[in-house]
Amino acid sequence: MAKQIDRRALLKTAGATAALAGFGLSAPAVHSANEKIVRYLGTATTMGSEIDKKLFEDTGITVKYIPVTTDEVTKRVLTQPNSFDIVDTEYFSLPKLVPSGNILGMDSKRIKEFDNISTTHTLGQIGGKTIGDQGTAPKKVFYLKDEKSSEFSSEPTRWATLIPTVFNADTLGIRPDLIKRPISTWAELLNPEFKGKASILNIPSIGIMDAAMVVESMGEYQYPDKGNMTRDEIDLTIKILIEAKKAGQFRALWSDFNESVNLMASGEVVIQSMWSPAITAVRTQGIPCVYQPLKEGYRAWAVGFALSAATKGYQADVCYEFINWYLSGFVGGYLNRQGYYSAVPSTAKQYMEDYEWDYWMLGKAAAKDIKAPDGKKLASVGEVRDGGSFVERMGGVACWNATMDENRYMVRKWNEFVAA
Amino acid sequence: MFDVKKHSATILSLPFAVVIFTFFIVPLCLVVMVSFWDYNSYSIIPDFIFTNYQDIFYGCVKSLPDLCTSFATYFSSLKFVFITWLITLLTGFLVALFLSFCVSSLQMQIVLFLLCTIPFWTSNVIRMISWIPLLGRNGLVNSTMQNIGLTDAPAEWLLYSEFSVILAFVHLYTLFMVVPIFNSMMRIDRSLIEAAHDAGASSFQTLTNIIIPLSRPGIIIGSIFVITIVMGDFITIGVMGGQQIPSVGKIINVEMTYLQFPAAAANAVILIITTLMIIFAMTKLVDIRKEL
């Protein structure tokens, strides 16, 4: 008897749980043929409801998101090319994506602002000065030989691999209130002074670059190309990381943007690899956090749009319309005010107040309080952006996110670091 | 003519067999097959090579007595399995014992049992993450200990350590022990206990001679639950260990995101074999089919 009642009670609970679980699911929306919809694959960190709203007002296009992590984007393009119309991906993924034939070359003649794209991408220069190009710098993989070619072209052609949208220069984030002294070099990440209070990101392809910056600045080794290490160089880099880990240098490793915010905001960590919007997120909580410029320079990244090889005809037209709108300024201004850089600075300027442009792009002291796009205060009058102007920050780039030839070996060694 | 009655057992088991075949046997065979394939950074190439397995045990013999990555990872996983199993078994057994023998009314038993399941109404990730603000350097536990003068400096080992991983495992999986043990205990004939008492057995003797042997099936089933879950876990170890503690699941996860499916498949095969070996050893101790 006891068992029967028990079972019924259990069933009841199970039913309730199942009902709760099912609650989250909703029926897929059905669309008519002529509605303008773009299926967007990407991390979607450079999108937002305000952008969606404005996009619909201006063009009537609705975006259907397929939000995944950076690495998942690559996986999805390679394994399910029919599941999206447009992909938002990093330049460093291109050596994997292009040979697959799952993305097509982008027709530069259909992009209105193509000639105004930042020279950091097209020429690898800023203000006439050549910037660091170690790693998968955009200029190395900017053009394809033909629309359907799987080879990169070193000469400009009509066909671009990606239409660039956003980019930035990354560095270490610090808690100045807890460190209480100036930080000026990457080597500080492994300084025993911060034992148990440092963190590095656990995404092998990016973490190894940060580690390489540290190794160089410690004076251990000068890499011919940090973005394309030999096996010996990988061994050396991982060995130094393992030694630091065994000595208890790292409080934690992080792989998700929000983890880095929590580590920093809670004071578990005072110095770590960090991304620009994470700094913004810590600061809007009222906690001091600096995106510290370092003398060895920055690790840069850039993202852009490409169409799936399966996107054709009317659907492709809608996608090009979407990209042209994206570069027309509203989004650029929005992203610049978050601390990113728009790939077409000239249009972004039209959507920013002069004092905002001066603060974010020219590195001048804030004439008014600087606010994030959501209205939260980021900086007070008189404060200057960490790292200064666009030219100073991007001019200080030392390397770009990369896919190495020895990627397979590198991932295996990185696992060794995590296991050490 | 087809005799439905004669074949009723076959027909009845057919739907389940189809499900098992399509969603378990076929994928498993695919995993084994792919583990012998080659790959580059953007595609997997049909082949029959042992490189993926060699990579797993790369340097394992050479580096002895130091542990190579795989051995260190499995060693760490096995350690977690053992400690978690021990603690959940002890706690789970005591809770089940209390529920089935110390609580006399059936209503009360059901109420208390449901109370045990309440934490399961929230996602296990949330239950896990909620420990972080409690155990952190400036967390509740540390600030309380400092305020009442127990310690001067915050205890760092509370979070992102093996301690926090085991704490989370025990918190998350004790119920998987409680349920099957409770079920076994409820089926123990109460007159046996009475007889033992009448024959002059002490409570402890009753426990070791009657209750423990008769709840063995529950103990084994609960153990299998806990062991398989902990062996394959990488989220709890990642979140609570600050991603600094290795787990086989995490290695597979990293390989998957870098499209190294054959390497991930090879690792999965090794993991399955290891786990099966443990389960096999456990089933030697009890015939589950008979006991259910």
# chains A, B, ... in the order shown; residues from 1 in each chain; ligands from 1
call {"tool": "closest_atom_pairs", "arguments": {"of": "chain A", "to": "chain B", "cutoff": "6 Å", "atoms": "only C-alpha atoms", "output": "CSV"}}
result
residue,atom,partner,partner_atom,distance
A:Asp71,CA,B:Thr257,CA,5.5
A:Lys96,CA,B:Tyr42,CA,5.1
A:Ala252,CA,B:Gly242,CA,4.1
A:Leu253,CA,B:Gln243,CA,5.2
A:Glu416,CA,B:Thr69,CA,5.3
A:Val418,CA,B:Gln244,CA,5.6
A:Ala419,CA,B:Pro246,CA,4.5
call {"tool": "select_by_dssp", "arguments": {"residues": "region 75-319 of chain A", "states": "helix (DSSP H, G or I)", "output": "PyMOL selection string"}}
result
chain A and resi 75-79+81-83+91-100+108-110+114-116+119-122+138-141+176-179+186-190+192-194+204-217+231-246+257-265+276-283+313-319
call {"tool": "write_last_selection", "arguments": {"atoms": "C-alpha atoms", "output": "compact mmCIF listing (two decimals), in the first residue's frame"}}
result
# COMPACT_ATOMS: atom_id res chain seq x y z
CA LYS A 75 31.12 24.87 -35.64
CA ARG A 76 27.66 25.86 -36.83
CA VAL A 77 28.89 27.36 -40.11
CA LEU A 78 30.79 24.18 -40.87
CA THR A 79 28.14 21.70 -39.80
CA PRO A 81 25.31 26.02 -43.30
CA ASN A 82 21.60 26.00 -44.20
CA SER A 83 20.47 27.06 -40.76
CA TYR A 91 38.43 37.24 -38.84
CA PHE A 92 40.54 34.64 -37.09
CA SER A 93 37.92 31.97 -37.83
CA LEU A 94 38.24 32.55 -41.57
CA PRO A 95 41.13 30.11 -42.18
CA LYS A 96 38.68 27.44 -40.98
CA LEU A 97 35.51 28.78 -42.61
CA VAL A 98 36.67 29.73 -46.09
CA PRO A 99 38.04 26.31 -47.18
CA SER A 100 34.68 24.73 -46.32
CA SER A 108 32.09 44.92 -52.23
CA LYS A 109 30.22 46.78 -55.00
CA ARG A 110 26.96 46.23 -53.17
CA PHE A 114 32.94 49.91 -48.51
CA ASP A 115 35.50 52.61 -49.34
CA ASN A 116 35.11 54.16 -45.90
CA THR A 119 42.24 51.31 -42.80
CA THR A 120 43.11 49.13 -39.81
CA HIS A 121 41.37 46.35 -41.73
CA THR A 122 42.13 47.05 -45.36
CA PRO A 138 42.26 41.22 -41.07
CA LYS A 139 44.42 42.55 -43.91
CA LYS A 140 45.84 39.04 -44.44
CA VAL A 141 42.44 37.48 -44.98
CA PRO A 176 43.00 49.96 -9.21
CA ASP A 177 41.44 50.28 -5.74
CA LEU A 178 42.78 46.85 -4.72
CA ILE A 179 46.14 46.99 -6.51
CA TRP A 186 51.70 42.30 -19.31
CA ALA A 187 54.26 40.57 -17.06
CA GLU A 188 52.23 41.72 -14.03
CA LEU A 189 49.67 39.00 -14.76
CA LEU A 190 52.13 36.43 -13.44
CA PRO A 192 53.68 36.63 -7.50
CA GLU A 193 52.41 39.77 -5.79
CA PHE A 194 48.98 38.88 -7.21
CA PRO A 204 42.64 28.28 -25.83
CA SER A 205 42.98 30.30 -29.05
CA ILE A 206 42.72 33.64 -27.22
CA GLY A 207 44.26 32.61 -23.91
CA ILE A 208 47.46 31.49 -25.62
CA MET A 209 47.83 34.95 -27.18
CA ASP A 210 47.49 36.66 -23.81
CA ALA A 211 50.00 34.18 -22.42
CA ALA A 212 52.40 34.97 -25.27
CA MET A 213 52.16 38.69 -24.49
CA VAL A 214 53.06 37.87 -20.88
CA VAL A 215 55.98 35.61 -21.84
CA GLU A 216 57.46 38.26 -24.11
CA SER A 217 57.14 40.99 -21.55
CA ARG A 231 55.49 23.34 -31.26
CA ASP A 232 58.53 24.35 -29.22
CA GLU A 233 57.11 27.83 -28.70
CA ILE A 234 53.78 26.37 -27.60
CA ASP A 235 55.60 24.05 -25.17
CA LEU A 236 57.53 26.97 -23.71
CA THR A 237 54.45 29.15 -23.30
CA ILE A 238 52.39 26.41 -21.67
CA LYS A 239 55.29 25.48 -19.39
CA ILE A 240 55.39 29.00 -17.99
CA LEU A 241 51.61 28.97 -17.50
CA ILE A 242 51.77 25.61 -15.72
CA GLU A 243 54.51 26.79 -13.38
CA ALA A 244 52.41 29.82 -12.48
CA LYS A 245 49.32 27.70 -11.98
CA LYS A 246 51.13 25.24 -9.74
CA PHE A 257 32.10 36.96 -20.40
CA ASN A 258 29.85 37.09 -17.31
CA GLU A 259 32.28 35.01 -15.28
CA SER A 260 34.98 37.62 -15.83
CA VAL A 261 32.59 40.34 -14.67
CA ASN A 262 31.74 38.42 -11.49
CA LEU A 263 35.34 37.57 -10.68
CA MET A 264 36.32 41.21 -10.96
CA ALA A 265 33.30 42.77 -9.29
CA SER A 276 35.88 45.84 -23.08
CA PRO A 277 32.13 45.42 -22.38
CA ALA A 278 33.04 43.42 -19.25
CA ILE A 279 34.89 46.47 -17.94
CA THR A 280 31.82 48.55 -18.69
CA ALA A 281 29.65 46.04 -16.83
CA VAL A 282 31.86 46.19 -13.72
CA ARG A 283 31.96 49.98 -13.82
CA GLY A 313 18.18 35.83 -54.61
CA TYR A 314 15.68 37.90 -52.65
CA GLN A 315 17.00 36.62 -49.33
CA ALA A 316 20.52 37.76 -50.26
CA ASP A 317 19.15 41.20 -51.23
CA VAL A 318 17.58 41.52 -47.79
CA CYS A 319 20.89 40.55 -46.17
call {"tool": "residues_around", "arguments": {"residues": "region 200-207 of chain B", "least_positions_apart": "5", "cutoff": "12 Å", "atoms": "only C-alpha atoms", "output": "VMD selection string"}}
result
chain B and resid 93 to 94 97 101 185 188 190 192 to 195 212 to 215
call {"tool": "write_last_selection", "arguments": {"atoms": "N, CA and C atoms", "output": "short mmCIF file (atom, residue, chain, number, x, y, z; two decimals), in the first residue's frame"}}
result
data_model
loop_
_atom_site.label_atom_id
_atom_site.label_comp_id
_atom_site.auth_asym_id
_atom_site.auth_seq_id
_atom_site.Cartn_x
_atom_site.Cartn_y
_atom_site.Cartn_z
N PHE B 93 22.11 7.18 2.97
CA PHE B 93 21.67 6.03 3.76
C PHE B 93 21.01 6.48 5.05
N LEU B 94 21.62 7.46 5.72
CA LEU B 94 21.06 7.93 6.98
C LEU B 94 19.70 8.59 6.77
N LEU B 97 17.23 5.90 6.04
CA LEU B 97 16.99 5.14 7.27
C LEU B 97 16.01 5.89 8.16
N PHE B 101 12.38 4.23 8.78
CA PHE B 101 12.25 3.53 10.06
C PHE B 101 11.93 4.43 11.24
N MET B 185 14.43 0.12 1.33
CA MET B 185 14.14 -0.02 2.76
C MET B 185 12.65 -0.19 3.00
N ILE B 188 11.52 -3.71 2.96
CA ILE B 188 11.98 -4.67 3.98
C ILE B 188 10.80 -5.05 4.88
N ARG B 190 8.78 -5.66 7.88
CA ARG B 190 9.00 -5.16 9.25
C ARG B 190 9.08 -6.29 10.28
N LEU B 192 10.77 -8.85 10.12
CA LEU B 192 12.17 -9.27 10.27
C LEU B 192 12.84 -8.49 11.39
N ILE B 193 12.55 -7.20 11.42
CA ILE B 193 13.15 -6.34 12.44
C ILE B 193 12.66 -6.78 13.82
N GLU B 194 11.36 -7.02 13.84
CA GLU B 194 10.76 -7.44 15.10
C GLU B 194 11.40 -8.75 15.58
N ALA B 195 11.54 -9.69 14.64
CA ALA B 195 12.14 -10.98 14.97
C ALA B 195 13.55 -10.81 15.49
N ILE B 212 21.14 -3.32 6.20
CA ILE B 212 22.14 -3.06 5.15
C ILE B 212 22.10 -4.13 4.05
N PRO B 213 22.13 -5.42 4.39
CA PRO B 213 22.08 -6.41 3.29
C PRO B 213 20.83 -6.27 2.44
N LEU B 214 19.70 -5.97 3.06
CA LEU B 214 18.46 -5.91 2.28
C LEU B 214 18.32 -4.61 1.50
N SER B 215 19.06 -3.57 1.88
CA SER B 215 18.98 -2.35 1.06
C SER B 215 20.10 -2.29 0.03
#
call {"tool": "closest_atom_pairs", "arguments": {"of": "region 62-146 of chain A", "to": "region 51-57 of chain A", "cutoff": "12 Å", "atoms": "only C-alpha atoms", "output": "tab-separated table"}}
result
residue	atom	partner	partner_atom	distance
A:Thr62	CA	A:Phe56	CA	6.1
A:Val63	CA	A:Asp52	CA	7.0
A:Lys64	CA	A:Asp52	CA	9.9
A:Tyr65	CA	A:Asp52	CA	10.6
call {"tool": "atom_distance", "arguments": {"atom1": "CA of Thr283 (chain B)", "atom2": "CA of Val226 (chain B)"}}
result
14.4 Å
call {"tool": "closest_residue", "arguments": {"among": "A:Asp170, A:Asp369, A:Glu356, A:Glu220", "to": "Gly396 (chain A)", "atoms": "only C-alpha atoms"}}
result
A:Asp170
call {"tool": "select_by_dssp", "arguments": {"residues": "region 25-222 of chain A", "states": "strand (DSSP E or B)", "output": "MDAnalysis selection string"}}
result
chainID A and resid 36:42 61:67 86:90 103 106:107 125:126 129:130 134 143:144 152:153 159:160 163:174 198:201
call {"tool": "write_last_selection", "arguments": {"atoms": "C-alpha atoms", "output": "CSV table (one decimal), in the first residue's frame"}}
result
chain,number,residue,atom,x,y,z
A,36,LYS,CA,11.9,40.6,-44.5
A,37,ILE,CA,13.6,38.3,-42.1
A,38,VAL,CA,17.3,37.7,-41.5
A,39,ARG,CA,18.4,34.6,-39.7
A,40,TYR,CA,21.5,35.8,-37.8
A,41,LEU,CA,24.1,33.5,-36.5
A,42,GLY,CA,26.6,35.0,-34.1
A,61,ILE,CA,13.7,43.9,-41.5
A,62,THR,CA,13.3,41.5,-38.5
A,63,VAL,CA,16.3,39.7,-37.1
A,64,LYS,CA,15.9,36.1,-36.0
A,65,TYR,CA,18.8,35.3,-33.7
A,66,ILE,CA,20.7,32.1,-33.4
A,67,PRO,CA,22.9,33.2,-30.5
A,86,ILE,CA,24.0,35.8,-42.3
A,87,VAL,CA,26.9,35.0,-39.9
A,88,ASP,CA,28.7,37.4,-37.6
A,89,THR,CA,32.1,35.9,-37.1
A,90,GLU,CA,35.7,36.8,-36.2
A,103,ILE,CA,30.3,31.1,-46.9
A,106,MET,CA,30.9,39.4,-50.2
A,107,ASP,CA,30.4,41.7,-53.2
A,125,GLN,CA,47.5,51.0,-41.0
A,126,ILE,CA,46.2,53.8,-38.9
A,129,LYS,CA,51.3,54.2,-39.5
A,130,THR,CA,51.5,50.4,-39.9
A,134,GLN,CA,51.1,39.1,-35.9
A,143,TYR,CA,39.9,39.5,-49.9
A,144,LEU,CA,39.1,36.3,-51.7
A,152,PHE,CA,42.7,34.4,-49.8
A,153,SER,CA,44.0,37.2,-52.1
A,159,TRP,CA,35.2,39.9,-53.2
A,160,ALA,CA,35.7,40.5,-49.5
A,163,ILE,CA,32.2,42.9,-44.3
A,164,PRO,CA,33.7,44.3,-41.1
A,165,THR,CA,31.4,45.7,-38.5
A,166,VAL,CA,33.1,46.0,-35.1
A,167,PHE,CA,36.6,45.7,-33.7
A,168,ASN,CA,38.6,46.5,-30.6
A,169,ALA,CA,42.0,46.2,-28.9
A,170,ASP,CA,42.0,44.0,-25.8
A,171,THR,CA,44.3,44.3,-22.8
A,172,LEU,CA,44.3,43.4,-19.1
A,173,GLY,CA,41.6,44.6,-16.7
A,174,ILE,CA,42.6,45.6,-13.2
A,198,ALA,CA,44.9,36.7,-11.1
A,199,SER,CA,42.9,35.1,-13.9
A,200,ILE,CA,43.3,34.2,-17.6
A,201,LEU,CA,40.6,33.2,-20.0
call {"tool": "atom_distance", "arguments": {"atom1": "CA of Glu72 (chain A)", "atom2": "CA of Trp254 (chain A)"}}
result
16.8 Å
call {"tool": "closest_residue", "arguments": {"among": "A:Arg251, A:Arg393, A:Arg337, A:Lys364", "to": "Pro293 (chain A)", "atoms": "only C-alpha atoms"}}
result
A:Arg393
call {"tool": "atom_distance", "arguments": {"atom1": "CA of Phe48 (chain B)", "atom2": "CA of Ile25 (chain B)"}}
result
20.6 Å
